[in-house]
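Everything below concerns the one structure shown next.
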2 protein chains.
Amino acid sequence: MDNFTYCTPTKYVFGRDAELKAGEEAKASGMSRVLVVYGHSSARKSGVLDRVIISLQRSGIAVTELGGIDPNPTDPKVREGIGICRREKLDGIVAVGGGSAIDTAKAIAAGALYDGDFWDFWAGKKIIDKALPVGCVLTIPAAGSEGSGNSVITLVDGMHKISLRTDYWLRPKWSLLNPELTYSLPPYQTASGIADMMAHIFERYFTTTPDVEVTDRVSEGILRSIIEEAPKVMAKPDDYQARANIMWAGTLAHNGICGTGRREDWTSHAMEHEISAVYGVTHGAGLAVILPAWMTFMARNSPAKIAQFGRRVFGVNSRHDTTAALEAVMSLKAFFSSLGLPVTFADLGIARPDIELLVKKLHENKGDEIGGYYRLTAMETTEIYRLAL
Amino acid sequence: MDNFTYCTPTKYVFGRDAELKAGEEAKASGMSRVLVVYGHSSARKSGVLDRVIISLQRSGIAVTELGGIDPNPTDPKVREGIGICRREKLDGIVAVGGGSAIDTAKAIAAGALYDGDFWDFWAGKKIIDKALPVGCVLTIPAAGSEGSGNSVITLVDGMHKISLRTDYWLRPKWSLLNPELTYSLPPYQTASGIADMMAHIFERYFTTTPDVEVTDRVSEGILRSIIEEAPKVMAKPDDYQARANIMWAGTLAHNGICGTGRREDWTSHAMEHEISAVYGVTHGAGLAVILPAWMTFMARNSPAKIAQFGRRVFGVNSRHDTTAALEAVMSLKAFFSSLGLPVTFADLGIARPDIELLVKKLHENKGDEIGGYYRLTAMETTEIYRLAL
C-alpha cells in the first residue's frame with residue numbers, strides 16, 4: 001500500500017425527495033445568491049428543476065439560471081457562468097443534472113474567484129486555492145462528479161478535453177441523490193452510465209501497487225453489486241431499490257475510496273476520450289468497447305490482476321492466470337452486451353475507425369508512453385484499438 | 001435501502017511518518033494553541049508523542065499536555081481538559097493514541113464551547129452544535145474513533161458508559177495514520193482491536209433493511225480483507241503492509257460507509273459493555289465472546305443474513321440457512337481462536353458469570369427490548385449470555 005491523503009467532505013443526502021433539501025443545504029453551506037446550472041429540456045420537463053428552484057427560493061436564496069449545458073461540456077458555458085457570477089455577485093453554484101452540469105458548475109466555481117482565465121487551472125498553469133461552494137442534484141448516475149474532486153472540460157479552440165482532479169476544492173459541499181430522478185433515463189444512457197462507473201473502479205483497481213487488499217476487496221464488492229443490480233434497472237426502470245444501489249455505487253466508484261493507497265491507471269479513459277472526440281460517441285459506450293480490448297491485451301501481457309478480477313468478481317475458476325484473465329474479458333463482454341452496450345467499434349457503428357489518427361492524438365495528448373498498470377507505447381495502443389475492431 | 005445522510009469530512013493522511021504532519025494539519029485547520037491528549041507511558045516511550053509535539057511547535061502552535069487517559073475513559077479527565085481549554089483559551093485538541101484518547105479529546109472539544117456540563121450531551125439533554133477542531137494521531141487500530149462521529153465516555157458516578165454518535169461535530173478534522181506506530185502493540189491488544197473493528201461492521205451488516213447490496217458487498221469486502229491480513233500481523237508484528245491494511249480497515253469499519261442506507265443493530269456492543277463494566281475485560285476480547293453467541297441465537301431464530309455472511313465471507317457452502325449460519329459461527333470462532341482471542345466466558349477467565357446481573361443492567365440501560373436486527377427480551381439476552389458460557 002502506498003502513502004495517501006484522502007478527504008471526502010461532501011455531504012450526501014440520499015433518498016426519495018432528496019432534491020427538496022436544496023434550499024436547506026444551500027443555506028447551511030453559506031449560499032445566499034446562487035447560479036443554477038443545468039442541461040436541456042429534460043430537467044425542466046421532469047419538474048426537478050422547478051422543485052429545486054422553489055426549494056432554494058423558500059430558503060430565501062436568490063436564483064439565477066444557466067441552462068443549455070451539453071454533454072462533453074465546453075469552455076464557453078463556463079465563461080458565461082463566471083461572467084454571471086461576477087456581475088451578479090453570486091456566492092454559490094447548484095448543478096442539476098449529471099456529470100456535464102456538475103463539471104461545468106465546478107469550473108465556474110473555481111473561475112469566479114480567480115482573476116485570470118479559468119483554463120489556467122485545466123492547463124496546469126495554476127493550482128486552485130479557492131472556489132465558490134457547489135451543491136448538486138444528481139439525475140444521471142455515471143460520471144461520479146457528485147462525489148469527486150474532478151471536472152472534465154473541453155476547450156473548443158483545439159478541442160482539448162482535459163480532466164482536472166483536485167483533492168479538495170472541486171468536491172461538492174453537498175449532493176442530493178434521489179434514485180427516482182433516474183427512472184426516466186433512456187436505457188442506453190442508463191447502460192452507458194453503468195459502464196462508466198465500472199470503468200472508474202477498473203482504472204483504480206488495475207494497479208501495480210501490491211498489498212492493497214482492503215481497497216481491492218471494497219472495489220470488487222462495488223463491482224459485484226453493480227453486476228447484480230444492473231439487469232434489474234434495465235428490466236424495470238422504476239425499480240427503486242435497484243436504481244438506489246446503482247446510484248450509490250456510481251458515487252462510491254469515483255469519490256476516491258477505490259483508489260486509496262495505490263497507483264491508478266486511466267488508460268481506458270484516455271483511449272476512449274479520443275474515440276469520443278473523433279466520432280462523438282457516448283463516453284460510457286466507448287468505454288464498453290475499450291475496456292475489454294485493454295483487458296485482452298493485459299491478459300496476454302500482465303494477466304495477474306485481470307485474473308484476480310475474473311476470479312473474485314465473475315467467479316472464474318481457471319487457475320492459469322492468462323486463461324482466467326481471458327475468461328474475465330469474456331464475462332465482461334457478455335455482461336456489457338446483456339445491457340445493450342456495444343463491445344466493438346462495429347457495434348458502435350464505426351465500421352472502419354481511423355486507428356492511426358486515434359493513436360496519434362492519444363500520444364500527442366498523453367505522451368509517448370501511457371498507463372499506470374502497464375506502460376503502453378504507440379505500437380501497443382494501436383494493438384488495443386485493433387482488439388476493439 | 002433506507003434514506004440516509006452521510007458526511008465524512010475527516011482528512012486522512014496515511015503512511016510512514018504521517019505523524020510528522022501534525023503541525024501542518026493543525027495549522028490548516030485553524031489551531032494555534034492546542035491541548036495534546038494521550039494515555040500513559042507508551043506514547044512517550046515510543047517517541048511518537050515527542051514527534052507530534054515538536055511538529056506542532058515547529059508550526060508555531062503552543063502546546064499544553066493532558067496525559068493519563070485510561071482505557072474506558074471517564075468524565076473526570078474530560079472535565080480536567082475542558083477546564084484547561086477554557087483557562088488557557090485553547091482552540092484545538094490533538095489526540096495521540098487509540099479510542100480512549102480520541103474519545104476524550106472529542107468530549108473536551110464539545111464541552112469546552114458549552115456553558116453547561118458536557119455530560120448533558122451524553123445524557124441526551126442537549127445536542128452538540130459546535131466544538132473545537134480535533135486532530136488525531138492513531139496508535140491503536142480498533143475503536144475507529146479516528147474516522148467516526150462517536151465518543152464513548154463513562155460517568156464515574158453510577159458507572160454509566162454511554163456512546164454518543166453525532167453526524168458531524170465529533171468527527172475529527174484530520175487523522176494521521178502511520179501503520180508503523182502499531183508494530184509495538186501487544187498481541188492481545190492487536191487481536192482485540194481486530195475483533196472490535198469486525199464488530200463495527202457486523203453491527204451494521206446484520207440489518208432487517210432489504211436491498212442494501214452495495215453496502216453489504218463493501219462490508220463483506222472489508223471483513224474478508226481483515227480475515228486475510230489478521231494472521232499476518234499476528235505472525236509478524238512489523239509486517240508493514242499487513243499492519244497498513246488492518247489500520248485502514250479499522251477506519252472504514254466505523255466511519256459510517258458500512259452503515260449507509262440501513263438500520264443498524266448494536267446489540268453485541270451493548271451486551272459486551274455490561275461484561276466490561278462488571279468484569280473489566282478488554283472491549284474487543286469481550287466482543288469475541290459475545291458475537292458468536294449472538295450469531296448462534298440468530299442462526300436459530302433469524303438465520304438469513306448470518307447465512308449470507310457465512311457464504312460470502314467464509315465461503316460456507318450449505319444451502320440451508322440455519323446450517324450455513326451455524327457454520328459461519330464455527331468459522332468465526334475458529335478465526336478468533338486462531339488470533340488468541342477468547343470465545344467463551346471461561347476463556348475470558350470468568351468461570352461463573354453473574355448473568356442475572358448482566359441482563360438486569362443491560363435492560364436497565366437499554367430498555368425492555370434491544371437490537372435492530374432482532375428485538376431481544378431479557379429472556380432472550382439471558383439465552384445469548386448462556387450461549388457464551
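Just so we're on the same page: first chain in the C-alpha cells is A, next is B, and so on; residues restart at 1 for each chain, and ligands are numbered from 1 in the order they show up.
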For Tyr183 (chain B), find every residue with an atom within 8 Å (counting only C-alpha atoms), except residues of its own chain fewer than 4 positions away, and show them as a count of residues only. 5
DSSP helix (DSSP H, G or I) residues within region 46-236 of chain B, as a PyMOL selection string: chain B and resi 46+48-58+75-87+99-112+119-122+179-182+187-205+213-235
Taking only C-alpha atoms into account, which residues of chain B are within 8 Å of chain A, as a ChimeraX atom specification? /B:1-16,211-214,217-222,224-226,241-242,244-245,248-249
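Neighbours of Ala270 (chain A) closer than or equal to 8 Å, with only C-alpha atoms counted and sequence neighbours fewer than 4 positions away skipped, come out as A:Trp266, A:Glu274, A:Leu362, A:Lys366.
Here CA of Thr322 (chain A) and CA of Gln308 (chain A) stand 10.5 Å from one another.
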If you run DSSP on the backbone here, which positions in region 19-260 of chain A get strand (DSSP E)? Please write them as JSON, numbers by chain. {"A": [33, 34, 35, 36, 37, 38, 62, 63, 64, 65, 66, 92, 93, 94, 95, 96, 97, 134, 135, 136, 137, 138, 150, 151, 152, 153, 154, 155, 160, 161, 162, 163, 164, 165, 174, 175, 176, 177]}
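The nearest approach to Pro292 (chain A) among the residues A:Glu364, A:Glu327, A:Asp265, A:Glu19, with only C-alpha atoms taken into account, belongs to A:Glu327.
Among the candidates B:Leu155, B:Ala143, B:Leu35, B:Val94, the one nearest to Ala123 (chain B) when counting only C-alpha atoms is B:Leu155.
Coordinates place CA of Ala112 (chain A) at a distance of 20.4 Å from CA of Asp70 (chain A).
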Selection: 7 Å around Ile128 (chain B), only C-alpha atoms, excl. self and same-chain fewer than 2 positions, as a PyMOL selection string: chain B and resi 110+121+126+130+169
Near Leu326 (chain B), within 7 Å and counting only C-alpha atoms, which residues show up once chain neighbours fewer than 3 positions away are dropped, as a VMD selection string? chain B and resid 296 299 322 to 323 329 to 330
Just write the chosen residues, N, CA and C atoms, as a PDB file, in the first residue's frame.
```pdb
ATOM      1  N   THR B 296     -25.142 -17.292  17.098  1.00  0.00           N
ATOM      2  CA  THR B 296     -25.719 -18.629  17.284  1.00  0.00           C
ATOM      3  C   THR B 296     -27.218 -18.514  17.550  1.00  0.00           C
ATOM      4  N   ALA B 299     -28.804 -17.683  14.309  1.00  0.00           N
ATOM      5  CA  ALA B 299     -28.830 -18.839  13.398  1.00  0.00           C
ATOM      6  C   ALA B 299     -30.098 -19.649  13.636  1.00  0.00           C
ATOM      7  N   THR B 322     -30.063 -22.139   8.234  1.00  0.00           N
ATOM      8  CA  THR B 322     -29.643 -22.349   9.628  1.00  0.00           C
ATOM      9  C   THR B 322     -28.305 -23.065   9.677  1.00  0.00           C
ATOM     10  N   THR B 323     -28.155 -24.080   8.838  1.00  0.00           N
ATOM     11  CA  THR B 323     -26.880 -24.809   8.811  1.00  0.00           C
ATOM     12  C   THR B 323     -25.747 -23.885   8.377  1.00  0.00           C
ATOM     13  N   VAL B 329     -20.780 -19.333  12.277  1.00  0.00           N
ATOM     14  CA  VAL B 329     -20.374 -19.129  13.669  1.00  0.00           C
ATOM     15  C   VAL B 329     -19.120 -19.944  13.988  1.00  0.00           C
ATOM     16  N   MET B 330     -19.120 -21.206  13.529  1.00  0.00           N
ATOM     17  CA  MET B 330     -17.944 -22.059  13.753  1.00  0.00           C
ATOM     18  C   MET B 330     -16.696 -21.430  13.132  1.00  0.00           C
TER      19      MET B 330
END
```
Nearest candidate to Ser331 (chain A) (options A:Met295, A:Ala304, A:Ile350, A:Ile355; using only C-alpha atoms): A:Met295
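Every protein, DNA or RNA residue with an atom at most 7 Å from Gly23 (chain B), where only C-alpha atoms count and chain neighbours fewer than 2 positions away do not, is listed here: Lys21, Glu25, Ala26, Lys27, Ser55, Leu56, Gln57, Arg58 and Ser59 of chain B.
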Using only C-alpha atoms, which of A:Leu132, A:Ala22, A:Ala288, A:Ala324 sits nearest Arg300 (chain A)? A:Ala324
